[in-house]
>>> print(open('my_file.txt').read())   # compact mmCIF, N, CA and C atoms
# COMPACT_ATOMS: atom_id res chain seq x y z
N MET A 1 10.82 -16.39 24.32
CA MET A 1 10.08 -15.67 23.31
C MET A 1 9.01 -16.62 22.74
N THR A 2 7.78 -16.18 22.71
CA THR A 2 6.68 -17.04 22.29
C THR A 2 6.53 -17.02 20.76
N GLU A 3 5.84 -18.03 20.27
CA GLU A 3 5.56 -18.10 18.84
C GLU A 3 4.71 -16.91 18.40
N LYS A 4 3.78 -16.52 19.24
CA LYS A 4 2.91 -15.37 18.92
C LYS A 4 3.74 -14.09 18.78
N PHE A 5 4.73 -13.88 19.65
CA PHE A 5 5.59 -12.70 19.57
C PHE A 5 6.36 -12.71 18.24
N VAL A 6 6.91 -13.86 17.88
CA VAL A 6 7.64 -13.99 16.61
C VAL A 6 6.71 -13.71 15.44
N ARG A 7 5.53 -14.29 15.48
CA ARG A 7 4.55 -14.11 14.40
C ARG A 7 4.14 -12.66 14.24
N ARG A 8 3.85 -11.98 15.35
CA ARG A 8 3.42 -10.57 15.29
C ARG A 8 4.55 -9.67 14.77
N ALA A 9 5.79 -9.93 15.19
CA ALA A 9 6.92 -9.12 14.72
C ALA A 9 7.09 -9.28 13.22
N ILE A 10 6.93 -10.48 12.70
CA ILE A 10 7.08 -10.71 11.26
C ILE A 10 5.93 -10.07 10.50
N ILE A 11 4.72 -10.14 11.02
CA ILE A 11 3.58 -9.49 10.37
C ILE A 11 3.81 -7.99 10.29
N ASP A 12 4.28 -7.38 11.38
CA ASP A 12 4.56 -5.95 11.37
C ASP A 12 5.64 -5.61 10.34
N TRP A 13 6.69 -6.43 10.27
CA TRP A 13 7.78 -6.20 9.32
C TRP A 13 7.26 -6.32 7.89
N LEU A 14 6.47 -7.36 7.61
CA LEU A 14 5.93 -7.55 6.26
C LEU A 14 5.01 -6.40 5.87
N SER A 15 4.22 -5.91 6.81
CA SER A 15 3.32 -4.80 6.47
C SER A 15 4.09 -3.53 6.13
N ARG A 16 5.23 -3.32 6.79
CA ARG A 16 6.08 -2.16 6.43
C ARG A 16 6.70 -2.33 5.05
N LYS A 17 6.83 -3.58 4.58
CA LYS A 17 7.38 -3.86 3.26
C LYS A 17 6.29 -3.92 2.18
N GLY A 18 5.06 -3.61 2.54
CA GLY A 18 3.97 -3.57 1.57
C GLY A 18 3.12 -4.82 1.50
N TYR A 19 3.29 -5.73 2.44
CA TYR A 19 2.50 -6.96 2.47
C TYR A 19 1.47 -6.86 3.58
N SER A 20 0.23 -6.52 3.23
CA SER A 20 -0.81 -6.50 4.25
C SER A 20 -2.17 -6.88 3.69
N ARG A 21 -2.26 -7.04 2.40
CA ARG A 21 -3.54 -7.36 1.77
C ARG A 21 -3.91 -8.83 2.02
N GLY A 22 -5.13 -9.07 2.46
CA GLY A 22 -5.62 -10.42 2.67
C GLY A 22 -4.88 -11.18 3.75
N LEU A 23 -4.40 -10.48 4.76
CA LEU A 23 -3.62 -11.12 5.83
C LEU A 23 -4.44 -12.21 6.51
N ARG A 24 -3.82 -13.36 6.61
CA ARG A 24 -4.41 -14.49 7.34
C ARG A 24 -3.39 -14.95 8.37
N GLU A 25 -3.71 -14.72 9.64
CA GLU A 25 -2.82 -15.13 10.72
C GLU A 25 -3.48 -16.26 11.49
N LYS A 26 -2.74 -17.34 11.65
CA LYS A 26 -3.25 -18.50 12.38
C LYS A 26 -3.14 -18.24 13.88
N HIS A 27 -4.13 -18.68 14.59
CA HIS A 27 -4.05 -18.66 16.04
C HIS A 27 -3.25 -19.87 16.51
N THR A 28 -2.71 -19.82 17.68
CA THR A 28 -1.80 -20.84 18.18
C THR A 28 -2.41 -22.25 18.15
N ASP A 29 -3.70 -22.37 18.41
CA ASP A 29 -4.31 -23.70 18.47
C ASP A 29 -4.91 -24.17 17.14
N GLU A 30 -4.77 -23.39 16.07
CA GLU A 30 -5.31 -23.75 14.76
C GLU A 30 -4.30 -24.55 13.94
N HIS A 31 -4.82 -25.30 12.97
CA HIS A 31 -3.98 -25.98 12.00
C HIS A 31 -3.83 -25.09 10.78
N GLY A 32 -2.76 -25.27 10.04
CA GLY A 32 -2.57 -24.51 8.81
C GLY A 32 -1.37 -23.59 8.91
N VAL A 33 -1.18 -22.84 7.85
CA VAL A 33 -0.04 -21.94 7.75
C VAL A 33 -0.17 -20.82 8.79
N ASP A 34 0.96 -20.38 9.35
CA ASP A 34 0.92 -19.35 10.40
C ASP A 34 0.59 -17.97 9.84
N ILE A 35 1.22 -17.61 8.71
CA ILE A 35 0.99 -16.30 8.10
C ILE A 35 0.85 -16.49 6.59
N LYS A 36 -0.20 -15.93 6.03
CA LYS A 36 -0.34 -15.84 4.58
C LYS A 36 -0.80 -14.43 4.27
N VAL A 37 -0.05 -13.76 3.40
CA VAL A 37 -0.35 -12.37 3.11
C VAL A 37 0.04 -12.05 1.67
N ARG A 38 -0.67 -11.11 1.06
CA ARG A 38 -0.41 -10.69 -0.32
C ARG A 38 0.14 -9.27 -0.32
N HIS A 39 0.99 -8.99 -1.29
CA HIS A 39 1.53 -7.64 -1.44
C HIS A 39 0.39 -6.71 -1.84
N ASN A 40 0.46 -5.47 -1.41
CA ASN A 40 -0.61 -4.50 -1.68
C ASN A 40 -0.73 -4.13 -3.15
N ASN A 41 0.39 -4.12 -3.89
CA ASN A 41 0.38 -3.61 -5.26
C ASN A 41 0.40 -4.66 -6.35
N TYR A 42 0.79 -5.86 -6.05
CA TYR A 42 0.84 -6.92 -7.06
C TYR A 42 0.65 -8.28 -6.41
N ALA A 43 0.39 -9.28 -7.23
CA ALA A 43 0.03 -10.61 -6.73
C ALA A 43 1.27 -11.41 -6.35
N ARG A 44 1.90 -11.01 -5.28
CA ARG A 44 3.01 -11.77 -4.71
C ARG A 44 2.65 -12.08 -3.27
N TYR A 45 2.74 -13.35 -2.93
CA TYR A 45 2.34 -13.82 -1.61
C TYR A 45 3.54 -14.23 -0.78
N PHE A 46 3.40 -14.10 0.53
CA PHE A 46 4.34 -14.67 1.49
C PHE A 46 3.57 -15.68 2.34
N ILE A 47 4.13 -16.86 2.44
CA ILE A 47 3.59 -17.90 3.32
C ILE A 47 4.71 -18.21 4.32
N VAL A 48 4.41 -18.02 5.61
CA VAL A 48 5.45 -18.10 6.63
C VAL A 48 5.01 -19.04 7.75
N GLU A 49 5.92 -19.92 8.14
CA GLU A 49 5.76 -20.77 9.32
C GLU A 49 6.66 -20.22 10.41
N THR A 50 6.18 -20.20 11.64
CA THR A 50 6.95 -19.65 12.76
C THR A 50 7.05 -20.65 13.90
N LYS A 51 8.07 -20.45 14.70
CA LYS A 51 8.25 -21.21 15.95
C LYS A 51 8.78 -20.25 17.00
N GLY A 52 8.41 -20.49 18.23
CA GLY A 52 8.91 -19.68 19.33
C GLY A 52 10.20 -20.26 19.89
N GLY A 53 10.70 -19.61 20.90
CA GLY A 53 11.94 -20.05 21.52
C GLY A 53 11.69 -21.03 22.64
N THR A 54 12.78 -21.51 23.18
CA THR A 54 12.70 -22.40 24.33
C THR A 54 13.16 -21.63 25.56
N ASP A 55 12.49 -21.84 26.65
CA ASP A 55 12.88 -21.21 27.90
C ASP A 55 13.97 -22.06 28.55
N ALA A 56 15.20 -21.56 28.48
CA ALA A 56 16.35 -22.34 28.97
C ALA A 56 16.22 -22.71 30.45
N LYS A 57 15.46 -21.93 31.22
CA LYS A 57 15.30 -22.23 32.64
C LYS A 57 14.32 -23.37 32.88
N LYS A 58 13.37 -23.56 31.95
CA LYS A 58 12.35 -24.59 32.14
C LYS A 58 12.66 -25.87 31.38
N VAL A 59 13.50 -25.81 30.36
CA VAL A 59 13.79 -26.97 29.52
C VAL A 59 15.14 -27.54 29.90
N LYS A 60 15.20 -28.84 30.04
CA LYS A 60 16.43 -29.48 30.48
C LYS A 60 17.53 -29.38 29.41
N HIS A 61 17.18 -29.54 28.14
CA HIS A 61 18.16 -29.50 27.05
C HIS A 61 17.68 -28.53 25.96
N PRO A 62 17.89 -27.21 26.14
CA PRO A 62 17.36 -26.24 25.18
C PRO A 62 17.95 -26.38 23.78
N ARG A 63 19.22 -26.79 23.66
CA ARG A 63 19.80 -26.95 22.32
C ARG A 63 19.11 -28.08 21.56
N SER A 64 18.78 -29.15 22.25
CA SER A 64 18.07 -30.25 21.61
C SER A 64 16.66 -29.82 21.19
N ARG A 65 16.02 -29.05 22.03
CA ARG A 65 14.67 -28.56 21.72
C ARG A 65 14.72 -27.64 20.50
N ARG A 66 15.74 -26.77 20.42
CA ARG A 66 15.88 -25.90 19.24
C ARG A 66 16.09 -26.73 17.98
N GLU A 67 16.86 -27.78 18.09
CA GLU A 67 17.09 -28.67 16.94
C GLU A 67 15.77 -29.27 16.45
N VAL A 68 14.96 -29.74 17.35
CA VAL A 68 13.68 -30.34 17.00
C VAL A 68 12.77 -29.29 16.35
N TYR A 69 12.67 -28.10 16.95
CA TYR A 69 11.84 -27.04 16.39
C TYR A 69 12.32 -26.63 15.00
N PHE A 70 13.64 -26.56 14.82
CA PHE A 70 14.22 -26.18 13.53
C PHE A 70 13.82 -27.18 12.44
N ILE A 71 13.98 -28.45 12.72
CA ILE A 71 13.62 -29.49 11.75
C ILE A 71 12.10 -29.49 11.52
N TYR A 72 11.35 -29.31 12.56
CA TYR A 72 9.89 -29.32 12.48
C TYR A 72 9.37 -28.18 11.60
N VAL A 73 9.90 -26.97 11.79
CA VAL A 73 9.42 -25.83 11.02
C VAL A 73 9.80 -25.97 9.55
N LEU A 74 10.97 -26.55 9.26
CA LEU A 74 11.34 -26.79 7.87
C LEU A 74 10.41 -27.80 7.22
N GLY A 75 10.04 -28.83 7.96
CA GLY A 75 9.09 -29.80 7.45
C GLY A 75 7.73 -29.20 7.20
N GLN A 76 7.30 -28.34 8.09
CA GLN A 76 6.00 -27.69 7.93
C GLN A 76 5.97 -26.84 6.66
N ILE A 77 6.99 -26.03 6.45
CA ILE A 77 6.97 -25.15 5.28
C ILE A 77 7.14 -25.97 4.01
N ALA A 78 7.94 -27.02 4.04
CA ALA A 78 8.13 -27.86 2.85
C ALA A 78 6.83 -28.52 2.43
N THR A 79 6.01 -28.94 3.38
CA THR A 79 4.75 -29.59 3.03
C THR A 79 3.70 -28.60 2.54
N ARG A 80 3.93 -27.31 2.74
CA ARG A 80 2.98 -26.30 2.29
C ARG A 80 3.38 -25.68 0.94
N MET A 81 4.53 -26.07 0.43
CA MET A 81 5.01 -25.48 -0.83
C MET A 81 4.16 -25.96 -1.99
N ASN A 82 3.83 -25.03 -2.87
CA ASN A 82 2.98 -25.27 -4.02
C ASN A 82 3.85 -25.24 -5.28
N THR A 83 3.82 -26.30 -6.05
CA THR A 83 4.69 -26.37 -7.23
C THR A 83 4.14 -25.57 -8.40
N THR A 84 2.85 -25.26 -8.42
CA THR A 84 2.28 -24.53 -9.54
C THR A 84 2.29 -23.02 -9.33
N ALA A 85 2.24 -22.56 -8.10
CA ALA A 85 2.26 -21.13 -7.81
C ALA A 85 3.66 -20.72 -7.38
N ARG A 86 4.02 -19.49 -7.65
CA ARG A 86 5.34 -18.98 -7.29
C ARG A 86 5.22 -18.06 -6.07
N TYR A 87 5.05 -18.67 -4.91
CA TYR A 87 4.95 -17.91 -3.67
C TYR A 87 6.34 -17.66 -3.10
N ASN A 88 6.42 -16.67 -2.23
CA ASN A 88 7.59 -16.50 -1.37
C ASN A 88 7.27 -17.25 -0.08
N TYR A 89 8.20 -18.06 0.37
CA TYR A 89 8.01 -18.81 1.59
C TYR A 89 8.97 -18.29 2.65
N GLY A 90 8.58 -18.45 3.90
CA GLY A 90 9.43 -17.98 4.98
C GLY A 90 9.36 -18.88 6.19
N VAL A 91 10.44 -18.85 6.95
CA VAL A 91 10.53 -19.53 8.23
C VAL A 91 10.89 -18.46 9.24
N GLY A 92 10.07 -18.29 10.27
CA GLY A 92 10.30 -17.30 11.30
C GLY A 92 10.70 -17.94 12.61
N LEU A 93 11.85 -17.52 13.12
CA LEU A 93 12.41 -18.09 14.35
C LEU A 93 13.00 -16.99 15.23
N PRO A 94 13.14 -17.27 16.52
CA PRO A 94 13.87 -16.33 17.38
C PRO A 94 15.34 -16.25 16.95
N ASP A 95 15.97 -15.17 17.28
CA ASP A 95 17.37 -14.93 16.91
C ASP A 95 18.33 -15.96 17.51
N THR A 96 17.89 -16.67 18.53
CA THR A 96 18.74 -17.70 19.15
C THR A 96 19.02 -18.85 18.19
N TYR A 97 18.29 -18.94 17.09
CA TYR A 97 18.48 -19.97 16.08
C TYR A 97 19.48 -19.56 15.00
N ARG A 98 20.03 -18.38 15.08
CA ARG A 98 20.87 -17.82 14.01
C ARG A 98 21.99 -18.78 13.57
N GLU A 99 22.80 -19.24 14.49
CA GLU A 99 23.93 -20.10 14.11
C GLU A 99 23.47 -21.41 13.50
N LYS A 100 22.42 -21.98 14.06
CA LYS A 100 21.88 -23.24 13.54
C LYS A 100 21.40 -23.05 12.10
N VAL A 101 20.68 -21.98 11.85
CA VAL A 101 20.17 -21.70 10.50
C VAL A 101 21.32 -21.47 9.53
N MET A 102 22.27 -20.64 9.93
CA MET A 102 23.38 -20.29 9.05
C MET A 102 24.26 -21.49 8.72
N ARG A 103 24.40 -22.40 9.62
CA ARG A 103 25.25 -23.57 9.38
C ARG A 103 24.52 -24.72 8.71
N ARG A 104 23.26 -24.93 9.06
CA ARG A 104 22.59 -26.18 8.68
C ARG A 104 21.65 -26.07 7.48
N LEU A 105 21.14 -24.89 7.18
CA LEU A 105 20.17 -24.76 6.10
C LEU A 105 20.88 -24.55 4.77
N PRO A 106 20.78 -25.49 3.84
CA PRO A 106 21.47 -25.35 2.56
C PRO A 106 20.93 -24.17 1.74
N TRP A 107 21.82 -23.30 1.30
CA TRP A 107 21.39 -22.15 0.51
C TRP A 107 20.71 -22.59 -0.78
N GLN A 108 21.09 -23.75 -1.32
CA GLN A 108 20.49 -24.25 -2.55
C GLN A 108 19.00 -24.56 -2.35
N PHE A 109 18.65 -25.08 -1.18
CA PHE A 109 17.25 -25.35 -0.86
C PHE A 109 16.46 -24.04 -0.84
N CYS A 110 17.05 -23.01 -0.24
CA CYS A 110 16.38 -21.71 -0.18
C CYS A 110 16.20 -21.12 -1.57
N LYS A 111 17.24 -21.22 -2.39
CA LYS A 111 17.17 -20.67 -3.75
C LYS A 111 16.11 -21.39 -4.58
N ASN A 112 16.13 -22.71 -4.57
CA ASN A 112 15.21 -23.49 -5.39
C ASN A 112 13.76 -23.37 -4.95
N ASN A 113 13.53 -23.07 -3.69
CA ASN A 113 12.17 -23.03 -3.16
C ASN A 113 11.71 -21.64 -2.76
N ASN A 114 12.50 -20.63 -3.10
CA ASN A 114 12.14 -19.23 -2.80
C ASN A 114 11.86 -19.06 -1.31
N LEU A 115 12.76 -19.60 -0.48
CA LEU A 115 12.60 -19.59 0.97
C LEU A 115 13.44 -18.50 1.61
N PHE A 116 12.81 -17.73 2.47
CA PHE A 116 13.47 -16.66 3.22
C PHE A 116 13.45 -17.03 4.70
N ILE A 117 14.44 -16.53 5.43
CA ILE A 117 14.53 -16.77 6.86
C ILE A 117 14.29 -15.45 7.58
N PHE A 118 13.43 -15.47 8.59
CA PHE A 118 13.16 -14.31 9.42
C PHE A 118 13.62 -14.64 10.84
N LEU A 119 14.57 -13.87 11.34
CA LEU A 119 15.03 -14.04 12.72
C LEU A 119 14.61 -12.83 13.53
N VAL A 120 13.97 -13.07 14.66
CA VAL A 120 13.40 -12.01 15.49
C VAL A 120 14.16 -11.94 16.80
N ASN A 121 14.62 -10.72 17.17
CA ASN A 121 15.32 -10.57 18.45
C ASN A 121 14.33 -10.22 19.56
N LYS A 122 14.84 -10.06 20.78
CA LYS A 122 14.00 -9.82 21.96
C LYS A 122 13.18 -8.54 21.85
N GLU A 123 13.71 -7.55 21.13
CA GLU A 123 13.01 -6.28 20.98
C GLU A 123 11.97 -6.30 19.86
N GLY A 124 11.90 -7.40 19.12
CA GLY A 124 10.94 -7.50 18.03
C GLY A 124 11.49 -7.07 16.68
N LYS A 125 12.79 -6.81 16.61
CA LYS A 125 13.41 -6.43 15.34
C LYS A 125 13.60 -7.68 14.49
N VAL A 126 13.22 -7.58 13.22
CA VAL A 126 13.28 -8.71 12.30
C VAL A 126 14.45 -8.54 11.35
N ASN A 127 15.24 -9.59 11.20
CA ASN A 127 16.29 -9.66 10.18
C ASN A 127 15.89 -10.73 9.18
N GLN A 128 15.85 -10.33 7.91
CA GLN A 128 15.50 -11.27 6.85
C GLN A 128 16.76 -11.72 6.12
N PHE A 129 16.84 -13.01 5.83
CA PHE A 129 17.97 -13.56 5.09
C PHE A 129 17.44 -14.31 3.87
N ASN A 130 18.12 -14.12 2.73
CA ASN A 130 17.77 -14.86 1.53
C ASN A 130 18.89 -15.86 1.21
N TRP A 131 18.75 -16.58 0.12
CA TRP A 131 19.73 -17.61 -0.22
C TRP A 131 21.11 -17.04 -0.48
N LYS A 132 21.19 -15.84 -1.04
CA LYS A 132 22.50 -15.24 -1.33
C LYS A 132 23.27 -14.94 -0.04
N GLN A 133 22.57 -14.47 0.97
CA GLN A 133 23.22 -14.19 2.24
C GLN A 133 23.66 -15.47 2.94
N LEU A 134 22.83 -16.52 2.85
CA LEU A 134 23.23 -17.81 3.41
C LEU A 134 24.46 -18.36 2.69
N LYS A 135 24.48 -18.25 1.38
CA LYS A 135 25.61 -18.75 0.59
C LYS A 135 26.89 -18.02 0.98
N ALA A 136 26.82 -16.71 1.11
CA ALA A 136 28.00 -15.92 1.49
C ALA A 136 28.49 -16.32 2.87
N HIS A 137 27.57 -16.47 3.81
CA HIS A 137 27.95 -16.84 5.18
C HIS A 137 28.56 -18.25 5.21
N GLN A 138 27.96 -19.18 4.51
CA GLN A 138 28.47 -20.55 4.50
C GLN A 138 29.81 -20.63 3.77
N GLY A 139 30.03 -19.79 2.78
CA GLY A 139 31.33 -19.73 2.12
C GLY A 139 32.41 -19.23 3.06
N ARG A 140 32.08 -18.24 3.90
CA ARG A 140 33.04 -17.74 4.90
C ARG A 140 33.35 -18.82 5.92
N LEU A 141 32.35 -19.62 6.31
CA LEU A 141 32.59 -20.70 7.25
C LEU A 141 33.53 -21.75 6.68
N LYS A 142 33.37 -22.09 5.41
CA LYS A 142 34.24 -23.08 4.77
C LYS A 142 35.69 -22.59 4.75
N ARG A 143 35.87 -21.32 4.38
CA ARG A 143 37.24 -20.77 4.35
C ARG A 143 37.84 -20.74 5.74
N PHE A 144 37.02 -20.48 6.74
CA PHE A 144 37.50 -20.39 8.11
C PHE A 144 37.93 -21.76 8.64
N ARG A 145 37.20 -22.83 8.25
CA ARG A 145 37.49 -24.18 8.75
C ARG A 145 38.76 -24.79 8.16
N ARG A 146 39.22 -24.29 7.05
CA ARG A 146 40.42 -24.88 6.40
C ARG A 146 41.66 -24.67 7.17
>>> encode(input="my_file.txt", output="structure tokens")
Amino acid sequence: MTEKFVRRAIIDWLSRKGYSRGLREKHTDEHGVDIKVRHNNYARYFIVETKGGTDAKKVKHPRSRREVYFIYVLGQIATRMNTTARYNYGVGLPDTYREKVMRRLPWQFCKNNNLFIFLVNKEGKVNQFNWKQLKAHQGRLKRFRR
């Protein structure tokens, strides 16, 4: 799954949620944020960084590559966070990152930074997760490990 596919699926999802005003989509070879968009009815912005998947047939160690992409996309969004404005931030990834995100991303980081997770499946369906959903999932994992 390419980064462009992930980006387009998230843009379509955001537009159905009322975010389409002033859409700025980065092209693959450009620098800067991948998606910046404003809500149609009020001044609430979403700033989203995306990454594509790894082709398991072409990459020798796809799990390692996913790890690198996961850390990289978190670093990208963290460096774009604005302390004076109250934006909604997002990280968009293929659904193959689900377990990594649910286990490794601290819900407290998401809560404090207004960070949402967008996971895109092969059909282009987007699942959005907020800090409360991460907290609930991580709480279930802790109980399960005991």
>>> closest_residue(input="my_file.txt", among="A:Val6, A:Ile77, A:Tyr89, A:Gln108", to="Tyr45 of chain A", atoms="all atoms listed in the file")
A:Tyr89
>>> axis_aligned_box(input="my_file.txt", around="segment 32-37 of chain A", padding_each_side="4 Å", output="lines of an AutoDock Vina configuration file")
center_x = -0.8
center_y = -18.7
center_z = 6.0
size_x = 12.0
size_y = 21.2
size_z = 16.7
>>> residues_near_point(input="my_file.txt", point="(7.2, -24.9, 3.2)", cutoff="10 Å", atoms="only C-alpha atoms", output="list in words")
Val33, Ile47, Val48, Glu49, Val73, Leu74, Gly75, Gln76, Ile77, Ala78, Thr79, Arg80, Met81, Asn82, Asn88, Tyr89, Gly90, Val91, Asn113, Asn114 and Leu115 of chain A
>>> write_last_selection(input="my_file.txt", atoms="N, CA and C atoms", output="PDB file, in the frame of the given file")
ATOM      1  N   VAL A  33      -1.180 -22.840   7.850  1.00  0.00           N
ATOM      2  CA  VAL A  33      -0.040 -21.940   7.750  1.00  0.00           C
ATOM      3  C   VAL A  33      -0.170 -20.820   8.790  1.00  0.00           C
ATOM      4  N   ILE A  47       4.130 -16.860   2.440  1.00  0.00           N
ATOM      5  CA  ILE A  47       3.590 -17.900   3.320  1.00  0.00           C
ATOM      6  C   ILE A  47       4.710 -18.210   4.320  1.00  0.00           C
ATOM      7  N   VAL A  48       4.410 -18.020   5.610  1.00  0.00           N
ATOM      8  CA  VAL A  48       5.450 -18.100   6.630  1.00  0.00           C
ATOM      9  C   VAL A  48       5.010 -19.040   7.750  1.00  0.00           C
ATOM     10  N   GLU A  49       5.920 -19.920   8.140  1.00  0.00           N
ATOM     11  CA  GLU A  49       5.760 -20.770   9.320  1.00  0.00           C
ATOM     12  C   GLU A  49       6.660 -20.220  10.410  1.00  0.00           C
ATOM     13  N   VAL A  73       9.900 -26.970  11.790  1.00  0.00           N
ATOM     14  CA  VAL A  73       9.420 -25.830  11.020  1.00  0.00           C
ATOM     15  C   VAL A  73       9.800 -25.970   9.550  1.00  0.00           C
ATOM     16  N   LEU A  74      10.970 -26.550   9.260  1.00  0.00           N
ATOM     17  CA  LEU A  74      11.340 -26.790   7.870  1.00  0.00           C
ATOM     18  C   LEU A  74      10.410 -27.800   7.220  1.00  0.00           C
ATOM     19  N   GLY A  75      10.040 -28.830   7.960  1.00  0.00           N
ATOM     20  CA  GLY A  75       9.090 -29.800   7.450  1.00  0.00           C
ATOM     21  C   GLY A  75       7.730 -29.200   7.200  1.00  0.00           C
ATOM     22  N   GLN A  76       7.300 -28.340   8.090  1.00  0.00           N
ATOM     23  CA  GLN A  76       6.000 -27.690   7.930  1.00  0.00           C
ATOM     24  C   GLN A  76       5.970 -26.840   6.660  1.00  0.00           C
ATOM     25  N   ILE A  77       6.990 -26.030   6.450  1.00  0.00           N
ATOM     26  CA  ILE A  77       6.970 -25.150   5.280  1.00  0.00           C
ATOM     27  C   ILE A  77       7.140 -25.970   4.010  1.00  0.00           C
ATOM     28  N   ALA A  78       7.940 -27.020   4.040  1.00  0.00           N
ATOM     29  CA  ALA A  78       8.130 -27.860   2.850  1.00  0.00           C
ATOM     30  C   ALA A  78       6.830 -28.520   2.430  1.00  0.00           C
ATOM     31  N   THR A  79       6.010 -28.940   3.380  1.00  0.00           N
ATOM     32  CA  THR A  79       4.750 -29.590   3.030  1.00  0.00           C
ATOM     33  C   THR A  79       3.700 -28.600   2.540  1.00  0.00           C
ATOM     34  N   ARG A  80       3.930 -27.310   2.740  1.00  0.00           N
ATOM     35  CA  ARG A  80       2.980 -26.300   2.290  1.00  0.00           C
ATOM     36  C   ARG A  80       3.380 -25.680   0.940  1.00  0.00           C
ATOM     37  N   MET A  81       4.530 -26.070   0.430  1.00  0.00           N
ATOM     38  CA  MET A  81       5.010 -25.480  -0.830  1.00  0.00           C
ATOM     39  C   MET A  81       4.160 -25.960  -1.990  1.00  0.00           C
ATOM     40  N   ASN A  82       3.830 -25.030  -2.870  1.00  0.00           N
ATOM     41  CA  ASN A  82       2.980 -25.270  -4.020  1.00  0.00           C
ATOM     42  C   ASN A  82       3.850 -25.240  -5.280  1.00  0.00           C
ATOM     43  N   ASN A  88       6.420 -16.670  -2.230  1.00  0.00           N
ATOM     44  CA  ASN A  88       7.590 -16.500  -1.370  1.00  0.00           C
ATOM     45  C   ASN A  88       7.270 -17.250  -0.080  1.00  0.00           C
ATOM     46  N   TYR A  89       8.200 -18.060   0.370  1.00  0.00           N
ATOM     47  CA  TYR A  89       8.010 -18.810   1.590  1.00  0.00           C
ATOM     48  C   TYR A  89       8.970 -18.290   2.650  1.00  0.00           C
ATOM     49  N   GLY A  90       8.580 -18.450   3.900  1.00  0.00           N
ATOM     50  CA  GLY A  90       9.430 -17.980   4.980  1.00  0.00           C
ATOM     51  C   GLY A  90       9.360 -18.880   6.190  1.00  0.00           C
ATOM     52  N   VAL A  91      10.440 -18.850   6.950  1.00  0.00           N
ATOM     53  CA  VAL A  91      10.530 -19.530   8.230  1.00  0.00           C
ATOM     54  C   VAL A  91      10.890 -18.460   9.240  1.00  0.00           C
ATOM     55  N   ASN A 113      13.530 -23.070  -3.690  1.00  0.00           N
ATOM     56  CA  ASN A 113      12.170 -23.030  -3.160  1.00  0.00           C
ATOM     57  C   ASN A 113      11.710 -21.640  -2.760  1.00  0.00           C
ATOM     58  N   ASN A 114      12.500 -20.630  -3.100  1.00  0.00           N
ATOM     59  CA  ASN A 114      12.140 -19.230  -2.800  1.00  0.00           C
ATOM     60  C   ASN A 114      11.860 -19.060  -1.310  1.00  0.00           C
ATOM     61  N   LEU A 115      12.760 -19.600  -0.480  1.00  0.00           N
ATOM     62  CA  LEU A 115      12.600 -19.590   0.970  1.00  0.00           C
ATOM     63  C   LEU A 115      13.440 -18.500   1.610  1.00  0.00           C
TER      64      LEU A 115
END
>>> select_by_dssp(input="my_file.txt", residues="chain A", states="alpha helix (DSSP H)", output="PyMOL selection string")
chain A and resi 3-16+62-80+98-104+107-113+131-145
>>> residues_around(input="my_file.txt", residues="Phe129 of chain A", least_positions_apart="5", cutoff="6.5 Å", atoms="all atoms listed in the file", output="number ranges by chain")
A: 115-119, 134
>>> atom_distance(input="my_file.txt", atom1="atom C of Tyr97 of chain A", atom2="atom CA of Arg21 of chain A")
29.2 Å
>>> atom_distance(input="my_file.txt", atom1="atom N of Gly92 of chain A", atom2="atom N of Ala43 of chain A")
21.9 Å
>>> closest_residue(input="my_file.txt", among="A:His137, A:Arg44, A:Lys100, A:His39", to="Tyr69 of chain A", atoms="only C-alpha atoms")
A:Lys100
>>> residues_around(input="my_file.txt", residues="Asp34 of chain A", least_positions_apart="2", cutoff="6.5 Å", atoms="only N, CA and C atoms", output="list of chain:residue names")
A:Arg24, A:Glu25, A:Lys26, A:Gly32, A:Lys36, A:Val48, A:Glu49, A:Thr50
>>> closest_residue(input="my_file.txt", among="A:Gln128, A:Asn40, A:Asn112, A:Gln138", to="Pro94 of chain A", atoms="only C-alpha atoms")
A:Gln128
